[in-house]
2 protein chains.
Amino acid sequence: MATQPPSAETDDDTEVKQRNADVCNVVGAIEEMGAKWKLIVLNDLRDGEKRFNELKRSTGASSYTLSRVLDDLEEQRFIENRKEFESPVASYYTLTEKGGTLCPVFDAIDEWGEDWLE
Amino acid sequence: MATQPPSAETDDDTEVKQRNADVCNVVGAIEEMGAKWKLIVLNDLRDGEKRFNELKRSTGASSYTLSRVLDDLEEQRFIENRKEFESPVASYYTLTEKGGTLCPVFDAIDEWGEDWLE
DNA sequence: CGGCATCCTTGGAGATACTG
DNA sequence: CAGTATCTCCAAGGATGCCG
């Protein structure tokens, strides 16, 4: 995480934190992961490496949907794919470092869910 | 999900949803807020009370969409509505306590966005 | 096993116009 | 100002089938 130089604090009014829809990080981030399937898959991969059908079962996504989501996520560098071309083909997916940085987000969501779900 | 069309179908897919929910309540939370517009509106309301057209401008949602999202969020007790029936009608929306508990989530997203968004 | 191609259904959401 | 009522369009996503 690129931490800002702590001492060189510009006098930019922190109050003008520009929460405008166009500029806001939250909106940007939401657009970036957007789809619910992406979040579900990413969250699933926090457990570690998983293969295609494993994700298919755990997420409940159809192979078509899952395939497209995985493509997207890989293109966004959230996940990485490793293939083994042995007897039955095996395809493993893991979070990249970038993907891993989403953990705090999921943790926050998780915590919230514990308090307010069910 | 908030609007439930009268489906006479038996909910056979409850099994799937349950499996997802079992994995982690992250999925549950995602389903709960699901739509991107909900998140955008909720995030916007962190600034404090806002009125309809204000939200319309800041979020960029159409009045139709915004209206439905607000209805949903109110039904879910994420937000509250206060009306003033004076000269020109005024309608104010604020986060409830429940809505406020989402702040850590948005903070996490915000922080992530700062690091990884362009 | 891990997908891609195809068809098809659904609803999310914009545009527009109207009301209290 | 704060919505509601329609109409419409398009992408998300399920189901199915095929293939290396």
# chains A, B, ... in the order shown; residues from 1 in each chain; ligands from 1
>>> residues_around(residues="Glu97 of chain A", least_positions_apart="3", cutoff="9 Å", atoms="only C-alpha atoms (C1' of nucleotides)", output="list in words")
Arg77, Phe78, Ile79, Gly100 and Thr101 of chain A
>>> write_last_selection(atoms="N, CA and C atoms", output="mmCIF file, in the first residue's frame")
data_model
loop_
_atom_site.group_PDB
_atom_site.id
_atom_site.type_symbol
_atom_site.label_atom_id
_atom_site.label_comp_id
_atom_site.auth_asym_id
_atom_site.auth_seq_id
_atom_site.Cartn_x
_atom_site.Cartn_y
_atom_site.Cartn_z
ATOM 1 N N ARG A 77 -5.918 -8.742 -13.231
ATOM 2 C CA ARG A 77 -4.777 -9.107 -12.375
ATOM 3 C C ARG A 77 -5.177 -9.331 -10.926
ATOM 4 N N PHE A 78 -6.406 -9.722 -10.729
ATOM 5 C CA PHE A 78 -6.828 -10.061 -9.364
ATOM 6 C C PHE A 78 -6.466 -11.507 -9.042
ATOM 7 N N ILE A 79 -6.455 -12.322 -10.080
ATOM 8 C CA ILE A 79 -6.154 -13.734 -9.872
ATOM 9 C C ILE A 79 -5.149 -14.217 -10.912
ATOM 10 N N GLY A 100 -5.002 -10.143 -3.226
ATOM 11 C CA GLY A 100 -4.873 -10.313 -1.787
ATOM 12 C C GLY A 100 -5.149 -9.034 -1.023
ATOM 13 N N THR A 101 -4.891 -7.916 -1.672
ATOM 14 C CA THR A 101 -5.106 -6.643 -0.981
ATOM 15 C C THR A 101 -6.582 -6.344 -0.755
#
>>> closest_atom_pairs(of="chain B", to="chain D", cutoff="7 Å", atoms="only C-alpha atoms (C1' of nucleotides)", output="tab-separated table")
residue	atom	partner	partner_atom	distance
B:Phe52	CA	D:DA2	C1'	6.8
B:Pro88	CA	D:DC1	C1'	5.7
B:Val89	CA	D:DC1	C1'	5.5
B:Ala90	CA	D:DC1	C1'	6.3
>>> write_last_selection(atoms="C-alpha atoms", output="mmCIF file, in the first residue's frame")
data_model
loop_
_atom_site.group_PDB
_atom_site.id
_atom_site.type_symbol
_atom_site.label_atom_id
_atom_site.label_comp_id
_atom_site.auth_asym_id
_atom_site.auth_seq_id
_atom_site.Cartn_x
_atom_site.Cartn_y
_atom_site.Cartn_z
ATOM 1 C CA PHE B 52 -33.739 13.191 -3.271
ATOM 2 C CA PRO B 88 -42.018 22.697 -1.971
ATOM 3 C CA VAL B 89 -41.996 19.182 -0.611
ATOM 4 C CA ALA B 90 -38.674 18.120 0.793
#
>>> interface_residues(of="chain B", to="chain C", cutoff="12 Å", atoms="only C-alpha atoms (C1' of nucleotides)", output="PyMOL selection string")
chain B and resi 1+3-5+35-37+60-69+85+88-89
>>> write_last_selection(atoms="all heavy atoms", output="short mmCIF file (atom, residue, chain, number, x, y, z; two decimals), in the first residue's frame")
data_model
loop_
_atom_site.label_atom_id
_atom_site.label_comp_id
_atom_site.auth_asym_id
_atom_site.auth_seq_id
_atom_site.Cartn_x
_atom_site.Cartn_y
_atom_site.Cartn_z
N MET B 1 -34.08 -8.47 -5.35
CA MET B 1 -34.40 -9.40 -4.30
C MET B 1 -35.39 -8.80 -3.32
O MET B 1 -36.19 -9.45 -2.71
CB MET B 1 -33.13 -9.80 -3.56
CG MET B 1 -33.39 -10.78 -2.47
SD MET B 1 -31.88 -11.29 -1.71
CE MET B 1 -31.70 -12.90 -2.42
N THR B 3 -37.76 -6.72 -4.07
CA THR B 3 -39.09 -6.86 -4.65
C THR B 3 -39.28 -8.32 -5.03
O THR B 3 -38.53 -8.86 -5.80
CB THR B 3 -39.21 -5.99 -5.91
OG1 THR B 3 -38.14 -6.32 -6.78
CG2 THR B 3 -39.21 -4.54 -5.56
N GLN B 4 -40.27 -8.90 -4.45
CA GLN B 4 -40.44 -10.31 -4.72
C GLN B 4 -41.69 -10.54 -5.56
O GLN B 4 -42.80 -10.44 -5.08
CB GLN B 4 -40.56 -11.08 -3.40
CG GLN B 4 -41.27 -10.29 -2.31
CD GLN B 4 -40.78 -10.71 -0.97
OE1 GLN B 4 -39.74 -11.28 -0.83
NE2 GLN B 4 -41.58 -10.44 0.05
N PRO B 5 -41.43 -10.80 -6.83
CA PRO B 5 -42.54 -11.11 -7.71
C PRO B 5 -43.21 -12.41 -7.26
O PRO B 5 -42.52 -13.32 -6.81
CB PRO B 5 -41.87 -11.29 -9.08
CG PRO B 5 -40.44 -11.57 -8.78
CD PRO B 5 -40.14 -10.88 -7.51
N ALA B 35 -26.83 -4.87 -5.27
CA ALA B 35 -26.75 -3.96 -6.40
C ALA B 35 -25.73 -2.85 -6.18
O ALA B 35 -25.57 -2.33 -5.08
CB ALA B 35 -28.11 -3.37 -6.68
N LYS B 36 -25.10 -2.48 -7.25
CA LYS B 36 -24.09 -1.44 -7.17
C LYS B 36 -24.72 -0.11 -6.76
O LYS B 36 -24.13 0.66 -6.02
CB LYS B 36 -23.37 -1.30 -8.50
CG LYS B 36 -23.66 -0.02 -9.26
CD LYS B 36 -23.04 0.02 -10.61
CE LYS B 36 -23.66 1.15 -11.42
NZ LYS B 36 -23.20 1.24 -12.79
N TRP B 37 -25.93 0.12 -7.17
CA TRP B 37 -26.56 1.39 -6.83
C TRP B 37 -26.79 1.53 -5.34
O TRP B 37 -26.68 2.60 -4.77
CB TRP B 37 -27.89 1.57 -7.57
CG TRP B 37 -27.70 2.01 -8.98
CD1 TRP B 37 -28.13 1.38 -10.10
CD2 TRP B 37 -27.03 3.19 -9.43
NE1 TRP B 37 -27.77 2.09 -11.22
CE2 TRP B 37 -27.08 3.21 -10.84
CE3 TRP B 37 -26.38 4.23 -8.78
CZ2 TRP B 37 -26.52 4.23 -11.59
CZ3 TRP B 37 -25.81 5.24 -9.54
CH2 TRP B 37 -25.89 5.23 -10.92
N GLY B 60 -25.87 10.11 -9.84
CA GLY B 60 -26.05 9.97 -11.28
C GLY B 60 -27.14 9.00 -11.66
O GLY B 60 -27.32 8.68 -12.82
N ALA B 61 -27.87 8.55 -10.66
CA ALA B 61 -28.95 7.62 -10.94
C ALA B 61 -30.18 8.36 -11.47
O ALA B 61 -30.39 9.51 -11.12
CB ALA B 61 -29.32 6.84 -9.68
N SER B 62 -30.94 7.67 -12.28
CA SER B 62 -32.18 8.27 -12.73
C SER B 62 -33.17 8.29 -11.58
O SER B 62 -33.03 7.53 -10.62
CB SER B 62 -32.76 7.46 -13.89
OG SER B 62 -33.21 6.21 -13.43
N SER B 63 -34.15 9.15 -11.66
CA SER B 63 -35.09 9.26 -10.55
C SER B 63 -35.84 7.95 -10.34
O SER B 63 -36.17 7.58 -9.22
CB SER B 63 -36.07 10.40 -10.78
OG SER B 63 -36.77 10.21 -11.99
N TYR B 64 -36.07 7.28 -11.43
CA TYR B 64 -36.76 5.99 -11.33
C TYR B 64 -35.91 5.00 -10.56
O TYR B 64 -36.37 4.40 -9.58
CB TYR B 64 -37.05 5.45 -12.73
CG TYR B 64 -37.51 4.03 -12.73
CD1 TYR B 64 -38.80 3.70 -12.35
CD2 TYR B 64 -36.64 3.01 -13.09
CE1 TYR B 64 -39.22 2.39 -12.35
CE2 TYR B 64 -37.05 1.70 -13.08
CZ TYR B 64 -38.34 1.38 -12.71
OH TYR B 64 -38.75 0.08 -12.70
N THR B 65 -34.69 4.86 -10.98
CA THR B 65 -33.78 3.92 -10.31
C THR B 65 -33.56 4.33 -8.87
O THR B 65 -33.67 3.52 -7.95
CB THR B 65 -32.43 3.88 -11.04
OG1 THR B 65 -32.63 3.38 -12.36
CG2 THR B 65 -31.45 2.99 -10.31
N LEU B 66 -33.26 5.60 -8.68
CA LEU B 66 -32.99 6.08 -7.33
C LEU B 66 -34.16 5.81 -6.40
O LEU B 66 -33.99 5.35 -5.28
CB LEU B 66 -32.68 7.58 -7.36
CG LEU B 66 -32.37 8.21 -6.01
CD1 LEU B 66 -31.19 7.52 -5.36
CD2 LEU B 66 -32.11 9.70 -6.17
N SER B 67 -35.34 6.07 -6.91
CA SER B 67 -36.52 5.87 -6.09
C SER B 67 -36.64 4.42 -5.64
O SER B 67 -36.93 4.14 -4.47
CB SER B 67 -37.75 6.26 -6.91
OG SER B 67 -38.91 6.18 -6.12
N ARG B 68 -36.43 3.52 -6.54
CA ARG B 68 -36.54 2.11 -6.18
C ARG B 68 -35.44 1.69 -5.22
O ARG B 68 -35.66 0.92 -4.31
CB ARG B 68 -36.54 1.25 -7.43
CG ARG B 68 -37.79 1.47 -8.29
CD ARG B 68 -38.10 0.27 -9.16
NE ARG B 68 -37.77 -0.97 -8.50
CZ ARG B 68 -36.77 -1.78 -8.87
NH1 ARG B 68 -36.03 -1.47 -9.88
NH2 ARG B 68 -36.54 -2.88 -8.20
N VAL B 69 -34.25 2.20 -5.45
CA VAL B 69 -33.14 1.86 -4.57
C VAL B 69 -33.41 2.37 -3.16
O VAL B 69 -33.19 1.66 -2.17
CB VAL B 69 -31.82 2.46 -5.11
CG1 VAL B 69 -30.73 2.38 -4.06
CG2 VAL B 69 -31.41 1.75 -6.37
N PHE B 85 -43.53 18.64 4.49
CA PHE B 85 -44.60 18.94 3.54
C PHE B 85 -44.89 20.43 3.44
O PHE B 85 -46.03 20.84 3.44
CB PHE B 85 -45.88 18.20 3.94
CG PHE B 85 -45.70 16.71 4.04
CD1 PHE B 85 -45.32 16.12 5.24
CD2 PHE B 85 -45.90 15.90 2.94
CE1 PHE B 85 -45.15 14.75 5.34
CE2 PHE B 85 -45.73 14.53 3.03
CZ PHE B 85 -45.35 13.96 4.23
N PRO B 88 -42.36 23.78 -1.06
CA PRO B 88 -42.02 22.70 -1.97
C PRO B 88 -41.68 21.50 -1.09
O PRO B 88 -40.91 21.62 -0.14
CB PRO B 88 -40.77 23.20 -2.68
CG PRO B 88 -40.34 24.44 -1.96
CD PRO B 88 -41.18 24.60 -0.75
N VAL B 89 -42.23 20.38 -1.41
CA VAL B 89 -42.00 19.18 -0.61
C VAL B 89 -40.50 18.88 -0.54
O VAL B 89 -39.79 19.04 -1.53
CB VAL B 89 -42.72 17.98 -1.23
CG1 VAL B 89 -42.54 16.76 -0.37
CG2 VAL B 89 -44.18 18.29 -1.44
#
>>> interface_residues(of="chain B", to="chain A", cutoff="10 Å", atoms="only C-alpha atoms", output="ChimeraX atom specification")
/B:16-17,19-37,39-41,43-44,46-47,55,57-60,98,101-118
>>> residues_around(residues="Lys50 of chain A", least_positions_apart="4", cutoff="8 Å", atoms="only C-alpha atoms (C1' of nucleotides)", output="compact mmCIF listing (two decimals) with C-alpha atoms, in the first residue's frame")
# COMPACT_ATOMS: atom_id res chain seq x y z
CA LEU A 45 -10.17 -17.75 -3.31
CA GLU A 54 -14.17 -26.57 -7.10
CA LEU A 55 -15.06 -22.94 -7.57
CA TYR A 92 -5.77 -23.82 -10.54
CA TYR A 93 -6.66 -20.30 -9.59
CA THR A 94 -5.13 -18.16 -6.91
>>> select_by_dssp(residues="segment 43-99 of chain A", states="alpha helix (DSSP H)", output="MDAnalysis selection string")
chainID A and resid 43:44 52:59 63:75 97:99
>>> atom_distance(atom1="atom CA of Leu42 of chain B", atom2="atom CA of Gly99 of chain A")
24.4 Å
>>> decode(residues="chain C", atoms="C-alpha atoms (C1' of nucleotides)", output="compact mmCIF listing (two decimals), in the first residue's frame")
# COMPACT_ATOMS: atom_id res chain seq x y z
C1' DC C 1 -11.72 -31.86 -16.32
C1' DG C 2 -12.09 -27.33 -17.95
C1' DG C 3 -13.91 -24.81 -20.65
C1' DC C 4 -16.35 -22.36 -25.15
C1' DA C 5 -20.54 -21.73 -28.30
C1' DT C 6 -25.31 -21.07 -28.56
C1' DC C 7 -29.89 -20.08 -27.28
C1' DC C 8 -32.98 -17.82 -24.32
C1' DT C 9 -34.96 -15.57 -20.24
C1' DT C 10 -34.85 -12.05 -16.86
C1' DG C 11 -34.47 -7.75 -14.78
C1' DG C 12 -31.54 -3.69 -14.24
C1' DA C 13 -31.65 0.66 -15.63
C1' DG C 14 -32.00 4.88 -18.93
C1' DA C 15 -35.26 8.17 -21.24
C1' DT C 16 -39.28 10.47 -21.14
C1' DA C 17 -43.52 12.24 -19.58
C1' DC C 18 -46.87 13.09 -15.98
C1' DT C 19 -48.79 14.22 -11.02
C1' DG C 20 -49.34 16.09 -6.13
